[in-house]
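Structure file work_19.cif (mmCIF, N, CA, C and O atoms) follows.
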```
data_query
loop_
_atom_site.label_atom_id
_atom_site.label_comp_id
_atom_site.auth_asym_id
_atom_site.auth_seq_id
_atom_site.Cartn_x
_atom_site.Cartn_y
_atom_site.Cartn_z
N MET A 20 100.44 13.04 26.60
CA MET A 20 100.29 12.00 27.57
C MET A 20 98.86 12.01 28.09
O MET A 20 98.31 13.05 28.43
N THR A 21 98.24 10.87 28.10
CA THR A 21 96.87 10.75 28.59
C THR A 21 96.89 10.07 29.95
O THR A 21 97.51 9.03 30.13
N GLU A 22 96.23 10.70 30.90
CA GLU A 22 96.17 10.15 32.24
C GLU A 22 94.76 9.66 32.49
O GLU A 22 93.79 10.20 31.96
N PHE A 23 94.62 8.63 33.27
CA PHE A 23 93.31 8.10 33.59
C PHE A 23 92.83 8.71 34.90
O PHE A 23 93.50 8.62 35.92
N ILE A 24 91.65 9.33 34.82
CA ILE A 24 91.07 9.98 35.98
C ILE A 24 89.66 9.45 36.15
O ILE A 24 88.87 9.46 35.22
N SER A 25 89.35 9.01 37.32
CA SER A 25 88.02 8.51 37.60
C SER A 25 87.10 9.68 37.87
O SER A 25 87.40 10.55 38.68
N THR A 26 85.96 9.71 37.17
CA THR A 26 84.99 10.79 37.37
C THR A 26 83.93 10.42 38.39
O THR A 26 83.20 11.27 38.85
N ASP A 27 83.86 9.15 38.75
CA ASP A 27 82.87 8.69 39.70
C ASP A 27 83.55 7.69 40.64
O ASP A 27 84.30 6.84 40.20
N GLU A 28 83.28 7.79 41.92
CA GLU A 28 83.92 6.91 42.88
C GLU A 28 83.53 5.45 42.66
O GLU A 28 84.30 4.53 42.92
N ASP A 29 82.30 5.20 42.18
CA ASP A 29 81.82 3.83 41.99
C ASP A 29 82.31 3.23 40.67
O ASP A 29 82.19 2.04 40.45
N ASP A 30 82.85 4.06 39.80
CA ASP A 30 83.30 3.62 38.48
C ASP A 30 84.57 2.78 38.63
O ASP A 30 85.56 3.23 39.16
N LYS A 31 84.54 1.55 38.14
CA LYS A 31 85.69 0.66 38.27
C LYS A 31 86.78 0.95 37.25
O LYS A 31 87.95 0.87 37.54
N GLN A 32 86.40 1.31 36.00
CA GLN A 32 87.38 1.62 34.96
C GLN A 32 87.47 3.12 34.78
O GLN A 32 86.49 3.76 34.43
N PRO A 33 88.66 3.71 35.01
CA PRO A 33 88.79 5.15 34.83
C PRO A 33 88.69 5.54 33.37
O PRO A 33 89.04 4.77 32.47
N GLN A 34 88.21 6.75 33.13
CA GLN A 34 88.04 7.28 31.78
C GLN A 34 89.31 8.03 31.36
O GLN A 34 89.86 8.79 32.16
N PRO A 35 89.79 7.83 30.12
CA PRO A 35 90.94 8.62 29.68
C PRO A 35 90.53 10.08 29.53
O PRO A 35 89.44 10.38 29.09
N GLN A 36 91.41 10.96 29.94
CA GLN A 36 91.07 12.38 29.92
C GLN A 36 92.34 13.18 29.69
O GLN A 36 93.38 12.89 30.29
N SER A 37 92.24 14.19 28.85
CA SER A 37 93.41 15.03 28.61
C SER A 37 93.61 15.99 29.78
O SER A 37 92.69 16.23 30.56
N PHE A 38 94.79 16.53 29.86
CA PHE A 38 95.11 17.46 30.95
C PHE A 38 94.19 18.67 30.93
O PHE A 38 93.65 19.08 31.95
N HIS A 39 93.99 19.25 29.74
CA HIS A 39 93.19 20.47 29.63
C HIS A 39 91.73 20.23 30.00
O HIS A 39 91.12 21.06 30.67
N SER A 40 91.19 19.10 29.57
CA SER A 40 89.79 18.84 29.93
C SER A 40 89.66 18.54 31.42
O SER A 40 88.66 18.88 32.05
N ALA A 41 90.67 17.92 32.01
CA ALA A 41 90.65 17.67 33.45
C ALA A 41 90.71 18.98 34.24
O ALA A 41 90.00 19.14 35.24
N VAL A 42 91.52 19.91 33.77
CA VAL A 42 91.62 21.22 34.43
C VAL A 42 90.29 21.97 34.32
O VAL A 42 89.80 22.53 35.31
N ARG A 43 89.69 21.96 33.14
CA ARG A 43 88.40 22.65 32.96
C ARG A 43 87.32 22.03 33.85
O ARG A 43 86.50 22.75 34.42
N GLU A 44 87.33 20.71 33.94
CA GLU A 44 86.34 20.02 34.77
C GLU A 44 86.52 20.39 36.24
O GLU A 44 85.54 20.66 36.96
N LEU A 45 87.76 20.42 36.71
CA LEU A 45 88.02 20.80 38.10
C LEU A 45 87.64 22.26 38.34
O LEU A 45 87.03 22.58 39.37
N GLU A 46 87.98 23.14 37.40
CA GLU A 46 87.60 24.55 37.52
C GLU A 46 86.09 24.68 37.62
O GLU A 46 85.58 25.45 38.44
N GLU A 47 85.38 23.94 36.78
CA GLU A 47 83.92 24.02 36.78
C GLU A 47 83.35 23.59 38.13
O GLU A 47 82.45 24.24 38.67
N LYS A 48 83.89 22.52 38.70
CA LYS A 48 83.42 22.06 40.01
C LYS A 48 83.67 23.11 41.08
O LYS A 48 82.81 23.39 41.93
N LEU A 49 84.87 23.72 41.06
CA LEU A 49 85.19 24.75 42.04
C LEU A 49 84.32 25.99 41.87
O LEU A 49 83.86 26.59 42.84
N ILE A 50 84.09 26.38 40.62
CA ILE A 50 83.25 27.56 40.34
C ILE A 50 81.82 27.31 40.81
O ILE A 50 81.21 28.17 41.45
N ARG A 51 81.28 26.13 40.47
CA ARG A 51 79.91 25.79 40.92
C ARG A 51 79.80 25.83 42.45
O ARG A 51 78.84 26.38 42.98
N ALA A 52 80.78 25.27 43.14
CA ALA A 52 80.75 25.26 44.60
C ALA A 52 80.82 26.67 45.17
O ALA A 52 80.08 27.01 46.09
N ALA A 53 81.70 27.49 44.61
CA ALA A 53 81.85 28.87 45.10
C ALA A 53 80.59 29.68 44.84
O ALA A 53 80.14 30.44 45.71
N LEU A 54 80.00 29.53 43.66
CA LEU A 54 78.78 30.27 43.35
C LEU A 54 77.61 29.79 44.19
O LEU A 54 76.77 30.58 44.62
N ALA A 55 77.54 28.50 44.46
CA ALA A 55 76.47 27.97 45.31
C ALA A 55 76.60 28.52 46.73
O ALA A 55 75.60 28.87 47.37
N GLU A 56 77.83 28.61 47.21
CA GLU A 56 78.06 29.12 48.57
C GLU A 56 77.77 30.61 48.68
O GLU A 56 77.41 31.10 49.76
N THR A 57 77.90 31.34 47.59
CA THR A 57 77.71 32.80 47.61
C THR A 57 76.41 33.23 46.95
O THR A 57 76.25 34.40 46.59
N ASN A 58 75.46 32.30 46.78
CA ASN A 58 74.16 32.60 46.18
C ASN A 58 74.28 33.21 44.79
O ASN A 58 73.61 34.20 44.47
N ASN A 59 75.15 32.64 43.95
CA ASN A 59 75.37 33.06 42.56
C ASN A 59 75.83 34.51 42.43
O ASN A 59 75.48 35.20 41.48
N LYS A 60 76.61 34.98 43.39
CA LYS A 60 77.18 36.33 43.31
C LYS A 60 78.63 36.20 42.84
O LYS A 60 79.50 35.75 43.58
N PRO A 61 78.90 36.61 41.58
CA PRO A 61 80.24 36.42 41.01
C PRO A 61 81.35 37.14 41.76
O PRO A 61 82.45 36.61 41.90
N THR A 62 81.09 38.33 42.28
CA THR A 62 82.13 39.07 42.99
C THR A 62 82.54 38.34 44.26
O THR A 62 83.73 38.18 44.54
N ALA A 63 81.56 37.86 45.01
CA ALA A 63 81.86 37.13 46.24
C ALA A 63 82.52 35.79 45.92
O ALA A 63 83.44 35.35 46.63
N ALA A 64 82.08 35.13 44.85
CA ALA A 64 82.68 33.85 44.44
C ALA A 64 84.13 34.06 44.02
O ALA A 64 85.00 33.24 44.34
N ALA A 65 84.41 35.14 43.32
CA ALA A 65 85.78 35.45 42.90
C ALA A 65 86.67 35.64 44.12
O ALA A 65 87.80 35.14 44.17
N ARG A 66 86.17 36.34 45.10
CA ARG A 66 86.93 36.56 46.34
C ARG A 66 87.18 35.24 47.06
O ARG A 66 88.29 34.97 47.53
N LEU A 67 86.16 34.38 47.09
CA LEU A 67 86.28 33.09 47.74
C LEU A 67 87.30 32.19 47.03
O LEU A 67 88.04 31.45 47.67
N LEU A 68 87.35 32.27 45.70
CA LEU A 68 88.28 31.46 44.93
C LEU A 68 89.69 32.02 44.89
O LEU A 68 90.60 31.38 44.37
N GLY A 69 89.87 33.24 45.41
CA GLY A 69 91.21 33.81 45.49
C GLY A 69 91.62 34.66 44.31
O GLY A 69 92.81 34.95 44.14
N PHE A 70 90.67 35.08 43.49
CA PHE A 70 91.00 35.98 42.39
C PHE A 70 91.29 37.37 42.94
O PHE A 70 90.68 37.80 43.92
N ASN A 71 92.22 38.07 42.30
CA ASN A 71 92.55 39.43 42.73
C ASN A 71 91.41 40.39 42.44
O ASN A 71 91.15 41.30 43.21
N THR A 72 90.75 40.20 41.30
CA THR A 72 89.62 41.06 40.93
C THR A 72 88.49 40.19 40.42
O THR A 72 88.72 39.10 39.89
N HIS A 73 87.28 40.68 40.57
CA HIS A 73 86.15 39.92 40.05
C HIS A 73 86.14 39.95 38.52
O HIS A 73 85.59 39.06 37.88
N GLN A 74 86.79 40.96 37.91
CA GLN A 74 86.86 41.02 36.45
C GLN A 74 87.62 39.83 35.89
O GLN A 74 87.27 39.30 34.84
N ALA A 75 88.66 39.39 36.57
CA ALA A 75 89.43 38.23 36.12
C ALA A 75 88.56 36.98 36.15
O ALA A 75 88.62 36.15 35.23
N PHE A 76 87.76 36.86 37.18
CA PHE A 76 86.85 35.71 37.28
C PHE A 76 85.80 35.75 36.18
O PHE A 76 85.53 34.74 35.52
N LEU A 77 85.21 36.92 35.93
CA LEU A 77 84.21 37.05 34.88
C LEU A 77 84.83 36.82 33.50
O LEU A 77 84.19 36.23 32.62
N ALA A 78 86.07 37.25 33.31
CA ALA A 78 86.75 37.01 32.04
C ALA A 78 86.95 35.51 31.82
O ALA A 78 86.79 35.00 30.70
N MET A 79 87.29 34.79 32.88
CA MET A 79 87.45 33.34 32.77
C MET A 79 86.12 32.68 32.41
O MET A 79 86.06 31.77 31.59
N LEU A 80 85.04 33.15 33.02
CA LEU A 80 83.72 32.61 32.68
C LEU A 80 83.38 32.91 31.22
O LEU A 80 82.84 32.06 30.52
N ASP A 81 83.69 34.11 30.76
CA ASP A 81 83.39 34.50 29.38
C ASP A 81 84.20 33.70 28.37
O ASP A 81 83.72 33.38 27.29
N ASN A 82 85.44 33.38 28.71
CA ASN A 82 86.32 32.74 27.74
C ASN A 82 86.37 31.22 27.84
O ASN A 82 86.40 30.55 26.82
N ARG A 83 86.37 30.69 29.03
CA ARG A 83 86.58 29.24 29.20
C ARG A 83 85.34 28.47 29.61
O ARG A 83 85.27 27.26 29.41
N HIS A 84 84.39 29.15 30.23
CA HIS A 84 83.22 28.45 30.78
C HIS A 84 81.93 29.14 30.36
O HIS A 84 81.07 29.45 31.19
N LYS A 85 81.77 29.38 29.05
CA LYS A 85 80.58 30.07 28.55
C LYS A 85 79.31 29.30 28.85
O LYS A 85 78.29 29.89 29.23
N LYS A 86 79.35 27.98 28.68
CA LYS A 86 78.17 27.16 28.92
C LYS A 86 77.74 27.23 30.38
O LYS A 86 76.56 27.37 30.69
N LEU A 87 78.71 27.20 31.27
CA LEU A 87 78.42 27.30 32.70
C LEU A 87 77.85 28.67 33.04
O LEU A 87 76.87 28.77 33.78
N ARG A 88 78.42 29.72 32.47
CA ARG A 88 77.92 31.08 32.70
C ARG A 88 76.48 31.20 32.25
O ARG A 88 75.64 31.74 32.98
N ASP A 89 76.17 30.67 31.06
CA ASP A 89 74.80 30.75 30.56
C ASP A 89 73.85 29.89 31.39
O ASP A 89 72.72 30.29 31.66
N GLU A 90 74.33 28.72 31.79
CA GLU A 90 73.51 27.80 32.58
C GLU A 90 73.12 28.40 33.93
O GLU A 90 72.00 28.24 34.40
N LEU A 91 74.06 29.10 34.55
CA LEU A 91 73.81 29.68 35.87
C LEU A 91 73.15 31.06 35.79
O LEU A 91 72.79 31.63 36.81
N GLY A 92 73.02 31.60 34.58
CA GLY A 92 72.35 32.89 34.40
C GLY A 92 73.19 34.08 34.81
O GLY A 92 72.65 35.14 35.15
N ILE A 93 74.49 33.94 34.75
CA ILE A 93 75.37 35.07 35.06
C ILE A 93 75.49 35.91 33.79
O ILE A 93 75.83 35.39 32.73
N THR A 94 75.20 37.18 33.90
CA THR A 94 75.18 38.03 32.71
C THR A 94 76.59 38.25 32.18
O THR A 94 77.57 38.31 32.92
N LYS A 95 76.65 38.38 30.86
CA LYS A 95 77.93 38.59 30.20
C LYS A 95 78.41 40.00 30.48
O LYS A 95 77.62 40.93 30.61
N ARG A 96 79.73 40.14 30.60
CA ARG A 96 80.30 41.45 30.85
C ARG A 96 80.00 42.39 29.70
O ARG A 96 80.07 42.01 28.53
N VAL A 97 79.69 43.62 30.01
CA VAL A 97 79.41 44.63 29.00
C VAL A 97 80.73 45.28 28.61
O VAL A 97 81.50 45.71 29.47
N ARG A 98 81.00 45.33 27.32
CA ARG A 98 82.21 45.99 26.83
C ARG A 98 81.85 47.43 26.48
O ARG A 98 80.93 47.68 25.72
N HIS A 99 82.57 48.36 27.06
CA HIS A 99 82.36 49.76 26.75
C HIS A 99 83.39 50.18 25.72
O HIS A 99 84.59 50.04 25.94
N LYS A 100 82.90 50.70 24.61
CA LYS A 100 83.80 51.14 23.56
C LYS A 100 84.08 52.63 23.74
O LYS A 100 83.19 53.42 24.04
N THR A 101 85.31 52.98 23.55
CA THR A 101 85.68 54.38 23.64
C THR A 101 85.35 55.05 22.32
O THR A 101 85.73 54.59 21.25
N ILE A 102 84.62 56.13 22.42
CA ILE A 102 84.25 56.89 21.23
C ILE A 102 85.15 58.12 21.15
O ILE A 102 85.19 58.93 22.07
N ILE A 103 85.84 58.22 20.06
CA ILE A 103 86.73 59.37 19.86
C ILE A 103 86.11 60.28 18.81
O ILE A 103 85.89 59.86 17.66
N LYS A 104 85.79 61.48 19.21
CA LYS A 104 85.22 62.45 18.26
C LYS A 104 86.33 63.30 17.70
O LYS A 104 87.20 63.77 18.43
N ARG A 105 86.30 63.47 16.42
CA ARG A 105 87.33 64.30 15.76
C ARG A 105 86.73 65.54 15.18
O ARG A 105 85.70 65.67 14.77
#
```

Take the structure in this file and express it as structure tokens.
Amino acid sequence: MTEFISTDEDDKQPQPQSFHSAVRELEEKLIRAALAETNNKPTAAARLLGFNTHQAFLAMLDNRHKKLRDELGITKRVRHKTIIKR
């Protein structure tokens, strides 16, 4: 099902948009607002957005909003590999 959502208040004809792209767009707006309010501090933005941990917020940026993460200059999470010596 395609729903029509207006992206601009002055726009007379709404643009067709899928549910998933509408959710991503709304998430991006909320993330941008939270990061702007917290001076681009991901931990504080995660707390402001109601995430239980900042890791969940960073994981969402890594998986769903890579372009936004790169655009805002938020560093990618470092993965630590466990080394097992035998």

| task | Could you tell me which residues the PyMOL selection byres ((chain A and resi 77-85) around 8) grabs in this file, written as JSON, numbers by chain? | result | {"A": [43, 47, 61, 62, 65, 72, 73, 74, 75, 76, 86, 87, 88, 89, 90, 91, 92, 93, 94, 95, 96]}

| request: Could you tell me how far atom CA of Lys60 of chain A lies from atom CA of Ala41 of chain A, in Å and to one decimal? | output: 25.0 Å

| field | Between atom CA of Asn71 of chain A and atom CA of Lys100 of chain A - distance in Å to one decimal | value | 24.1 Å

| query | Please, what distance in Å, to one decimal, runs between atom O of Phe38 of chain A and atom C of Leu67 of chain A? | reply |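 Separation between atom O of Phe38 of chain A and atom C of Leu67 of chain A: 21.0 Å.
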
| query | What lies within 8 Å of Leu49 of chain A using only N, CA, C and O atoms, ignoring chain neighbours under 5 positions off, as a PyMOL selection string? | reply | chain A and resi 42-44+54-56+64+67-68

Give the padded box for segment 60-77 of chain A as JSON: axis-aligned, covering all atoms listed in the file, 3 Å on each side, centre and edge lengths in Å to one decimal.
```
{"center_x": 84.7, "center_y": 36.3, "center_z": 40.2, "size_x": 22.2, "size_y": 15.9, "size_z": 21.1}
```
